[in-house]
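entry_26.txt (compact mmCIF, C-alpha atoms and all ligand atoms) appears below.
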```
# COMPACT_ATOMS: atom_id res chain seq x y z
CA LYS A 1 20.66 22.37 2.74
CA GLU A 2 19.03 20.54 5.62
CA LEU A 3 18.49 17.52 3.43
CA LYS A 4 22.12 17.54 2.39
CA ALA A 5 23.21 17.78 6.03
CA ALA A 6 20.95 14.91 7.02
CA ASN A 7 22.56 12.87 4.29
CA SER A 8 26.09 13.45 5.61
CA GLY A 9 26.62 16.36 3.25
CA LYS A 10 26.21 14.18 0.17
CA GLU A 11 24.44 15.61 -2.85
CA VAL A 12 20.94 14.21 -3.20
CA PRO A 13 18.77 14.32 -6.31
CA PRO A 14 16.11 17.05 -6.34
CA GLU A 15 12.78 16.36 -4.59
CA THR A 16 14.19 13.56 -2.43
CA ALA A 17 13.30 13.44 1.24
CA TRP A 18 15.92 11.04 2.53
CA ILE A 19 15.74 12.87 5.79
CA TRP A 20 16.10 10.27 8.48
CA GLY A 21 19.71 10.96 9.35
CA LYS A 22 23.00 9.19 8.93
CA ASP A 23 22.14 6.04 10.81
CA ASP A 24 21.44 3.59 8.04
CA GLU A 25 19.27 1.38 10.25
CA ILE A 26 16.93 4.30 10.96
CA ALA A 27 17.10 5.74 7.45
CA LYS A 28 15.99 2.43 6.00
CA LEU A 29 12.59 2.70 7.70
CA GLY A 30 11.67 5.86 5.80
CA ARG A 31 8.41 7.31 7.09
CA ILE A 32 7.73 4.21 9.16
CA ASN A 33 9.96 6.21 11.55
CA LEU A 34 6.85 8.30 12.23
CA LEU A 35 5.26 5.33 13.99
CA THR A 36 6.73 6.15 17.38
CA PRO A 37 5.66 4.52 20.67
CA GLU A 38 3.82 7.77 21.54
CA ARG A 39 1.78 7.69 18.32
CA ILE A 40 1.05 3.98 18.73
CA ARG A 41 -0.12 4.51 22.34
CA SER A 42 -2.27 7.43 21.26
CA ALA A 43 -3.82 5.38 18.41
CA LYS A 44 -4.60 2.53 20.82
CA ASP A 45 -6.11 4.89 23.44
CA LYS A 46 -8.19 6.96 21.00
CA GLU A 47 -9.21 4.45 18.34
CA VAL A 48 -9.78 1.12 20.08
CA LYS A 49 -13.21 1.32 21.72
CA ASP A 50 -14.96 -1.97 20.93
CA GLY A 51 -12.21 -4.48 20.19
CA ASP A 52 -13.68 -5.28 16.75
CA VAL A 53 -11.05 -6.69 14.42
CA VAL A 54 -11.21 -6.68 10.62
CA SER A 55 -8.69 -8.44 8.36
CA LEU A 56 -7.54 -6.53 5.28
CA ASN A 57 -5.94 -9.57 3.63
CA TRP A 58 -7.24 -10.49 0.23
CA ASP A 59 -6.96 -14.11 -0.92
CA ILE A 60 -3.25 -14.64 -1.75
CA LYS A 61 -4.27 -16.37 -4.98
CA LEU A 62 -6.04 -13.27 -6.29
CA PRO A 63 -6.15 -11.75 -8.77
CA SER A 64 -6.40 -15.06 -10.60
CA GLN A 65 -5.38 -13.20 -13.76
CA PRO A 66 -2.75 -10.75 -12.50
CA ALA A 67 -1.92 -7.46 -14.13
CA PHE A 68 1.43 -6.42 -15.62
CA GLY A 69 2.20 -9.88 -17.08
CA ARG A 70 2.69 -11.46 -13.65
CA GLN A 71 1.97 -15.10 -12.84
CA PRO A 72 -0.78 -16.10 -10.42
CA CYS A 73 0.12 -17.73 -7.11
CA LYS A 74 0.41 -21.53 -7.18
CA HIS A 75 -0.51 -23.46 -4.04
CA THR A 76 0.21 -27.16 -3.80
CA ILE A 77 -0.25 -29.60 -0.95
CA SER A 78 1.87 -32.70 -0.51
CA THR A 79 2.37 -35.39 2.08
CA VAL A 80 5.57 -35.41 4.07
CA PRO A 81 7.80 -38.14 2.56
CA GLY A 82 7.05 -41.50 4.11
CA SER A 83 3.72 -40.44 5.65
CA GLU A 84 0.09 -40.65 4.56
CA TYR A 85 -1.26 -38.46 7.34
CA ILE A 86 1.10 -35.49 7.53
CA PHE A 87 0.78 -32.65 5.05
CA ASP A 88 2.79 -29.63 3.96
CA ASP A 89 1.85 -26.87 1.61
CA TRP A 90 3.95 -24.99 -0.92
CA LEU A 91 3.49 -21.54 -2.27
CA ASP A 92 5.07 -20.51 -5.53
CA MET A 93 4.13 -16.91 -5.74
CA ASN A 94 5.06 -13.46 -6.83
CA ILE A 95 4.72 -11.45 -3.62
CA GLN A 96 2.74 -8.95 -5.69
CA SER A 97 -0.18 -11.38 -5.35
CA GLY A 98 -2.95 -10.83 -2.80
CA SER A 99 -2.59 -7.94 -0.34
CA GLN A 100 0.96 -6.68 -0.24
CA TRP A 101 3.33 -3.88 0.62
CA ASP A 102 5.64 -2.55 -2.05
CA GLY A 103 8.95 -2.04 -0.25
CA PHE A 104 11.81 0.33 -1.03
CA ARG A 105 13.55 -2.20 -3.25
CA HIS A 106 10.54 -2.42 -5.57
CA TYR A 107 10.53 0.77 -7.63
CA GLY A 108 13.22 3.30 -8.41
CA HIS A 109 13.06 6.87 -9.64
CA ILE A 110 13.46 6.51 -13.37
CA GLY A 111 15.10 9.93 -13.93
CA HIS A 112 17.55 9.67 -11.03
CA LYS A 113 18.28 5.99 -11.74
CA LYS A 114 18.21 5.33 -7.98
CA LEU A 115 15.93 3.69 -5.46
CA TYR A 116 15.20 4.89 -1.93
CA ASN A 117 18.14 6.23 0.06
CA ASN A 118 20.44 6.25 -2.96
CA LEU A 119 20.18 2.51 -3.47
CA ASP A 120 21.59 1.51 -6.82
CA PRO A 121 19.54 -0.91 -8.97
CA SER A 122 22.55 -3.26 -8.99
CA GLU A 123 22.28 -3.47 -5.18
CA VAL A 124 18.72 -4.78 -5.45
CA LEU A 125 19.78 -7.80 -7.46
CA SER A 126 22.60 -8.49 -5.00
CA GLY A 127 22.63 -7.65 -1.25
CA THR A 128 19.77 -6.98 1.14
CA LYS A 129 19.84 -3.20 1.83
CA CYS A 130 16.44 -1.62 2.59
CA GLY A 131 14.73 -5.02 2.52
CA MET A 132 11.31 -5.73 3.99
CA ASN A 133 12.94 -7.45 6.98
CA VAL A 134 13.58 -3.93 8.34
CA MET A 135 9.81 -3.29 8.34
CA SER A 136 9.21 -6.69 9.89
CA ASP A 137 11.55 -5.87 12.78
CA HIS A 138 9.75 -2.57 13.43
CA GLY A 139 6.18 -3.61 12.66
CA ILE A 140 3.66 -1.27 11.05
CA VAL A 141 1.34 -0.14 13.81
CA GLY A 142 -0.42 3.18 14.12
CA ARG A 143 -3.56 5.18 13.47
CA GLY A 144 -5.20 4.05 10.25
CA VAL A 145 -7.65 6.20 8.31
CA LEU A 146 -9.96 4.93 5.56
CA LEU A 147 -11.06 7.36 2.88
CA ASP A 148 -13.97 5.41 1.41
CA TYR A 149 -14.01 7.24 -1.89
CA TYR A 150 -15.93 4.49 -3.73
CA SER A 151 -18.89 4.70 -1.34
CA TRP A 152 -18.75 8.50 -1.28
CA ALA A 153 -18.81 8.71 -5.09
CA LEU A 154 -21.82 6.38 -5.32
CA GLU A 155 -23.67 8.21 -2.54
CA ASN A 156 -22.99 11.57 -4.21
CA GLY A 157 -24.26 10.57 -7.65
CA LYS A 158 -20.78 10.18 -9.19
CA PRO A 159 -20.64 6.47 -10.10
CA TYR A 160 -17.66 5.18 -12.07
CA ASP A 161 -16.10 1.84 -13.00
CA PRO A 162 -13.01 1.09 -10.84
CA LEU A 163 -11.57 -0.77 -13.83
CA THR A 164 -11.16 2.46 -15.76
CA SER A 165 -8.52 5.19 -15.38
CA HIS A 166 -10.76 7.22 -13.11
CA ALA A 167 -8.61 9.81 -11.28
CA ILE A 168 -9.36 10.66 -7.65
CA THR A 169 -8.39 14.27 -7.07
CA VAL A 170 -7.16 16.09 -3.96
CA GLU A 171 -10.50 17.88 -3.90
CA ASP A 172 -12.27 14.49 -3.85
CA LEU A 173 -10.11 13.16 -1.01
CA GLU A 174 -10.69 16.32 1.02
CA ALA A 175 -14.46 16.06 0.39
CA VAL A 176 -14.49 12.42 1.56
CA ALA A 177 -12.46 13.33 4.66
CA ARG A 178 -14.93 16.13 5.47
CA ALA A 179 -17.95 13.86 4.93
CA GLN A 180 -16.41 11.22 7.22
CA GLY A 181 -15.31 13.77 9.84
CA ILE A 182 -11.62 12.89 9.46
CA THR A 183 -8.85 15.21 10.61
CA PHE A 184 -5.48 13.87 9.51
CA GLU A 185 -2.59 13.44 11.93
CA VAL A 186 1.12 13.14 11.19
CA GLY A 187 2.01 9.45 10.92
CA ASP A 188 -1.45 8.27 9.79
CA ILE A 189 -1.58 5.16 7.65
CA LEU A 190 -3.82 6.25 4.79
CA LEU A 191 -6.16 3.73 3.13
CA VAL A 192 -8.05 4.80 0.00
CA ARG A 193 -10.90 2.60 -1.28
CA SER A 194 -11.25 2.99 -5.02
CA GLY A 195 -13.56 -0.03 -5.46
CA TYR A 196 -11.25 -2.47 -7.27
CA THR A 197 -11.89 -5.50 -5.05
CA ALA A 198 -15.63 -4.72 -4.91
CA ARG A 199 -15.79 -4.67 -8.71
CA TYR A 200 -13.57 -7.76 -8.95
CA TYR A 201 -15.95 -9.76 -6.74
CA GLU A 202 -18.93 -8.49 -8.71
CA LEU A 203 -17.48 -9.55 -12.07
CA GLU A 204 -16.25 -12.88 -10.74
CA ARG A 205 -19.68 -13.66 -9.34
CA GLU A 206 -21.28 -12.92 -12.73
CA ASN A 207 -18.79 -15.11 -14.59
CA PRO A 208 -14.98 -15.38 -14.23
CA GLN A 209 -14.70 -14.81 -17.98
CA ARG A 210 -16.04 -11.29 -17.36
CA LEU A 211 -12.81 -10.48 -15.49
CA LYS A 212 -10.80 -11.05 -18.64
CA GLU A 213 -13.22 -9.02 -20.72
CA ALA A 214 -13.01 -6.20 -18.18
CA GLY A 215 -9.22 -6.12 -18.72
CA VAL A 216 -7.87 -7.06 -15.29
CA GLU A 217 -4.68 -8.29 -16.95
CA SER A 218 -3.73 -5.05 -18.69
CA PRO A 219 -5.28 -2.70 -16.31
CA ASN A 220 -6.86 0.62 -16.40
CA LEU A 221 -7.30 1.35 -12.74
CA ALA A 222 -9.02 4.01 -10.70
CA GLY A 223 -6.68 5.59 -8.16
CA VAL A 224 -5.31 8.84 -6.87
CA GLU A 225 -4.53 11.38 -9.55
CA GLN A 226 -0.91 11.67 -10.68
CA SER A 227 -0.66 15.45 -10.49
CA GLU A 228 1.64 17.99 -8.84
CA GLU A 229 -1.20 18.87 -6.48
CA MET A 230 -1.61 15.24 -5.36
CA LYS A 231 2.14 14.88 -5.00
CA GLU A 232 2.24 17.86 -2.67
CA TRP A 233 -0.85 16.70 -0.71
CA LEU A 234 0.54 13.21 -0.14
CA HIS A 235 3.99 14.49 0.75
CA ASP A 236 2.88 17.24 3.11
CA HIS A 237 0.45 15.15 5.17
CA TYR A 238 3.34 13.04 6.42
CA PHE A 239 1.50 9.74 6.16
CA ALA A 240 3.60 6.88 7.54
CA ALA A 241 2.37 4.64 4.70
CA VAL A 242 -0.40 4.61 2.09
CA ALA A 243 -2.48 1.74 0.72
CA GLY A 244 -5.41 1.05 -1.55
CA ASP A 245 -7.50 -1.83 -2.83
CA ALA A 246 -6.24 -1.78 -6.44
CA PRO A 247 -3.02 -3.23 -7.96
CA ALA A 248 -1.62 0.33 -7.99
CA PHE A 249 -2.30 3.12 -5.49
CA GLU A 250 -2.32 5.72 -8.23
CA VAL A 251 -4.62 5.94 -11.25
CA TRP A 252 -3.24 3.73 -14.01
CA PRO A 253 -1.77 4.37 -16.49
CA GLY A 254 -2.26 8.04 -15.58
CA ASN A 255 0.59 10.47 -16.07
CA PRO A 256 2.89 9.38 -18.95
CA ASP A 257 5.89 11.27 -17.53
CA TRP A 258 6.11 9.97 -13.97
CA LYS A 259 4.38 7.68 -11.50
CA LEU A 260 3.59 8.30 -7.84
CA HIS A 261 5.43 5.03 -7.09
CA GLU A 262 8.67 6.88 -7.88
CA TYR A 263 7.93 9.62 -5.35
CA LEU A 264 6.33 7.60 -2.58
CA LEU A 265 8.82 4.75 -2.57
CA ALA A 266 12.05 6.05 -4.05
CA LEU A 267 12.07 9.72 -3.08
CA TRP A 268 10.11 9.91 0.19
CA GLY A 269 10.36 6.45 1.76
CA VAL A 270 6.61 5.82 1.96
CA LEU A 271 5.51 2.16 1.68
CA ILE A 272 2.64 1.49 -0.73
CA GLY A 273 0.05 -1.15 0.11
CA GLU A 274 -1.83 -2.71 -2.80
CA MET A 275 -4.90 -4.92 -3.14
CA PHE A 276 -5.83 -4.52 0.50
CA ASP A 277 -9.33 -5.92 0.88
CA LEU A 278 -11.21 -2.92 2.23
CA GLU A 279 -14.73 -4.32 1.79
CA ALA A 280 -15.35 -5.52 5.35
CA LEU A 281 -13.61 -2.45 6.75
CA SER A 282 -15.82 -0.17 4.68
CA LYS A 283 -18.93 -1.83 6.14
CA GLN A 284 -17.60 -1.70 9.67
CA CYS A 285 -16.63 1.99 9.42
CA LYS A 286 -20.11 2.84 8.08
CA ALA A 287 -21.80 0.88 10.88
CA LYS A 288 -19.69 2.59 13.54
CA LYS A 289 -19.58 5.96 11.74
CA ARG A 290 -15.85 5.97 12.48
CA TRP A 291 -13.30 5.84 9.69
CA SER A 292 -10.19 5.79 11.91
CA PHE A 293 -8.86 2.78 13.83
CA LEU A 294 -5.74 1.07 15.07
CA PHE A 295 -3.89 -0.44 12.12
CA ILE A 296 -1.51 -3.39 12.56
CA SER A 297 0.60 -5.10 9.94
CA SER A 298 3.43 -7.58 10.40
CA PRO A 299 5.47 -7.81 7.18
CA LEU A 300 7.48 -10.91 6.30
CA ASN A 301 10.90 -11.22 7.81
CA SER A 302 12.41 -11.46 4.37
CA PRO A 303 16.03 -10.22 4.27
CA GLY A 304 16.33 -8.10 1.14
CA GLY A 305 12.62 -8.62 0.41
CA VAL A 306 11.30 -6.33 -2.31
CA ALA A 307 7.71 -6.65 -1.15
CA SER A 308 5.78 -8.44 1.57
CA LEU A 309 2.43 -9.98 2.20
CA ALA A 310 0.48 -7.39 4.17
CA ASN A 311 -0.72 -9.45 7.14
CA ALA A 312 -2.79 -6.41 8.02
CA LEU A 313 -5.78 -5.88 10.28
CA THR A 314 -7.59 -3.08 11.98
CA ILE A 315 -9.13 -2.74 15.43
CA HIS A 316 -11.97 -0.34 16.23
C1 LIG B 401 2.67 -0.85 -10.63
O1 LIG B 401 3.74 -0.94 -11.16
C2 LIG B 401 1.63 0.08 -11.05
O2 LIG B 401 2.30 -1.51 -9.59
P1 LIG B 401 3.09 -2.61 -8.83
O3 LIG B 401 3.36 -2.00 -7.51
O4 LIG B 401 2.12 -3.73 -8.78
O5 LIG B 401 4.35 -2.94 -9.54
```
Please, can you express the file's structure as structure tokens?
Amino acid sequence: KELKAANSGKEVPPETAWIWGKDDEIAKLGRINLLTPERIRSAKDKEVKDGDVVSLNWDIKLPSQPAFGRQPCKHTISTVPGSEYIFDDWLDMNIQSGSQWDGFRHYGHIGHKKLYNNLDPSEVLSGTKCGMNVMSDHGIVGRGVLLDYYSWALENGKPYDPLTSHAITVEDLEAVARAQGITFEVGDILLVRSGYTARYYELERENPQRLKEAGVESPNLAGVEQSEEMKEWLHDHYFAAVAGDAPAFEVWPGNPDWKLHEYLLALWGVLIGEMFDLEALSKQCKAKKRWSFLFISSPLNSPGGVASLANALTIH
């Protein structure tokens, strides 16, 4: 009933949490609404002690052999017409390359045939509603928390290959949080390290051909389990956004009936960050024994943008 009221009395599909009121401008931010000035001030005051900055941006040209039939990023450099000494560069890229946010125009709920906030698929191909420009205007700043599952699994004698469909359970995430001394807060930006970029670098160093053999193009990916329990855990923690280091936040292919993308993006308004490079952050958190920090990301001002480069960094 409350959900219906918040949506001007309109019927909403079951399990949706389009709860940010009638004002379309506010509604379009989804759970980024949780990143209030109070929470940002608190994150700055409590988390920034040393001023140490880490970038989370993976090379925009990676993966060189993208998953899901996508094309790699092309970067060309040319001289400005009529000059030998002035240069421009051109990017021809799918924004799903490098570290990126999946926005609300990226992935709909298959059963309901709608995207976030009742957006119709036809409105994605035309118009700009719920585009990434809204996130750019607001900025994504708040308390970030890294659950370094990959390190925890290795340290606890549970090694696995991140390029397999290894499911990270709620129990695992809770165990990592306990080991790292993390208490979650409403509005946290959750980062989960499943080891994809670490494994990618390892294989590439051995021989780029090994990447192909390991199946980076048609991926089996470690990630959070696609279960009812995980759905409830992610929903009820009220994270402002979630992100991981793999091309999908959830284990892939995982559940054949539904994907967490449908719930996070389409039903709850939670941005998903993918291929964030969490390697340097993992090292820094271990060195400082602190897995929470100030998180800052400035998405592209792309009207109607489906996704955005992450432009993300952390400060300890
Ligand atoms: C999946 O579809 C799994 O991921 P992406 O966000 O890259 O489309």
Would you give me, as a tab-separated table, each residue of chain A having an atom within 6 Å of an atom of ligand LIG 401 (chain B), along with its shortest atom pair and that distance in Å to one decimal, using all atoms listed in the file and sorting by chain and residue number?
```
residue	atom	partner	partner_atom	distance
A:Asp102	CA	B:LIG401	O3	5.9
A:Pro247	CA	B:LIG401	O4	5.2
A:Ala248	CA	B:LIG401	C2	4.5
```
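Of the listed residues A:Gln226, A:Ser302, A:Thr197, A:Gln209, the one whose atoms come nearest to Thr169 of chain A is A:Gln226, with distances taken using all atoms listed in the file.
Proximity ranking of A:Ala214, A:Lys288, A:Tyr263, A:Arg193 relative to Gly111 of chain A places A:Tyr263 first, based on only C-alpha atoms.
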I'd like the neighbourhood of Lys289 of chain A as a PDB file with C-alpha atoms, keeping the file's coordinate frame, where a residue qualifies if any of its atoms comes within 10 Å (using all atoms listed in the file), though same-chain residues fewer than 4 positions away should be ignored.
```pdb
ATOM      1  CA  GLN A 180     -16.410  11.220   7.220  1.00  0.00           C
ATOM      2  CA  GLY A 181     -15.310  13.770   9.840  1.00  0.00           C
ATOM      3  CA  LYS A 283     -18.930  -1.830   6.140  1.00  0.00           C
ATOM      4  CA  GLN A 284     -17.600  -1.700   9.670  1.00  0.00           C
ATOM      5  CA  CYS A 285     -16.630   1.990   9.420  1.00  0.00           C
TER       6      CYS A 285
END
```
field: Contacts of segment 145-148 of chain A within 10 Å, all atoms listed in the file, excl. fewer than 2 positions in-chain, as number ranges by chain
entry: A: 142-143, 150-153, 172-180, 182-185, 188-195, 242-244, 278-279, 281-283, 285-286, 290-295, 314
- request: For atom CA of Gly157 of chain A and atom CA of Glu171 of chain A, determine how far apart the two atoms are, in Å to one decimal place.
  value: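 It comes out at 16.0 Å.
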Within-8 Å shell of (8.1, 2.9, 4.1) in input frame, only C-alpha atoms, as a PDB file with C-alpha atoms, in the frame of the given file:
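Final output, saved to part-v3.pdb:
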```
ATOM      1  CA  LEU A  29      12.590   2.700   7.700  1.00  0.00           C
ATOM      2  CA  GLY A  30      11.670   5.860   5.800  1.00  0.00           C
ATOM      3  CA  ARG A  31       8.410   7.310   7.090  1.00  0.00           C
ATOM      4  CA  ILE A  32       7.730   4.210   9.160  1.00  0.00           C
ATOM      5  CA  GLY A 103       8.950  -2.040  -0.250  1.00  0.00           C
ATOM      6  CA  PHE A 104      11.810   0.330  -1.030  1.00  0.00           C
ATOM      7  CA  MET A 135       9.810  -3.290   8.340  1.00  0.00           C
ATOM      8  CA  ALA A 240       3.600   6.880   7.540  1.00  0.00           C
ATOM      9  CA  ALA A 241       2.370   4.640   4.700  1.00  0.00           C
ATOM     10  CA  LEU A 265       8.820   4.750  -2.570  1.00  0.00           C
ATOM     11  CA  GLY A 269      10.360   6.450   1.760  1.00  0.00           C
ATOM     12  CA  VAL A 270       6.610   5.820   1.960  1.00  0.00           C
ATOM     13  CA  LEU A 271       5.510   2.160   1.680  1.00  0.00           C
ATOM     14  CA  ILE A 272       2.640   1.490  -0.730  1.00  0.00           C
TER      15      ILE A 272
END
```
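Each of A:Ile77, A:Gly108, A:Asp24, A:Glu250 was compared to Asp92 of chain A using only C-alpha atoms, and A:Ile77 turns out to be the nearest.
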- request: Please indicate the distance in Å from atom CA of Lys113 of chain A to atom CA of Leu34 of chain A, rounded to one decimal place.
  value: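 One can read the atom CA of Lys113 of chain A to atom CA of Leu34 of chain A distance as 26.7 Å.
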message: Measuring between all atoms listed in the file, which one of A:Thr164, A:Gln100, A:Ser64, A:Ser218 shows the shortest distance to Glu204 of chain A?
response: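 Checking each of A:Thr164, A:Gln100, A:Ser64, A:Ser218 against Glu204 of chain A, counting all atoms listed in the file, the winner is A:Ser64.
Going from atom CA of Gly304 of chain A over to atom CA of Ser122 of chain A, you cover 12.8 Å.
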query: Which residue, A:Asn94, A:Asn33, A:Thr128, A:Ser42, has the smallest gap to Leu309 of chain A when you use all atoms listed in the file?
result: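 Using all atoms listed in the file, Leu309 of chain A sits closest to A:Asn94.
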All file atoms of segment 14-31 of chain A boxed axis-aligned, 6 Å per side, centre plus edges, as AutoDock Vina command-line options:
```
--center_x 15.7 --center_y 9.2 --center_z 2.3 --size_x 26.6 --size_y 27.7 --size_z 29.3
```
message: Could you list, as a PyMOL selection string, every residue within 9 Å of Tyr107 of chain A, counting only C-alpha atoms and ignoring same-chain residues fewer than 2 positions away?
response: chain A and resi 102-105+109-110+114-116+261-262+265-266+306
Counting only C-alpha atoms, the option among A:Met132, A:Ala287, A:Val141, A:Leu91 closest to Lys44 of chain A: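 Nearest candidate to Lys44 of chain A out of A:Met132, A:Ala287, A:Val141, A:Leu91: A:Val141.
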task: Fewer than 6 positions away in the same chain doesn't count, so skip those; otherwise give me all residues within 10 Å of Ala312 of chain A, counting all atoms listed in the file, as a list in words.
output: Val54, Ser55, Leu56, Asn57, Trp58, Ser99, Gln100, Trp101, Ile140, Val141, Gly273, Phe276, Asp277, Phe295, Ile296, Ser297, Ser298 and Pro299 of chain A
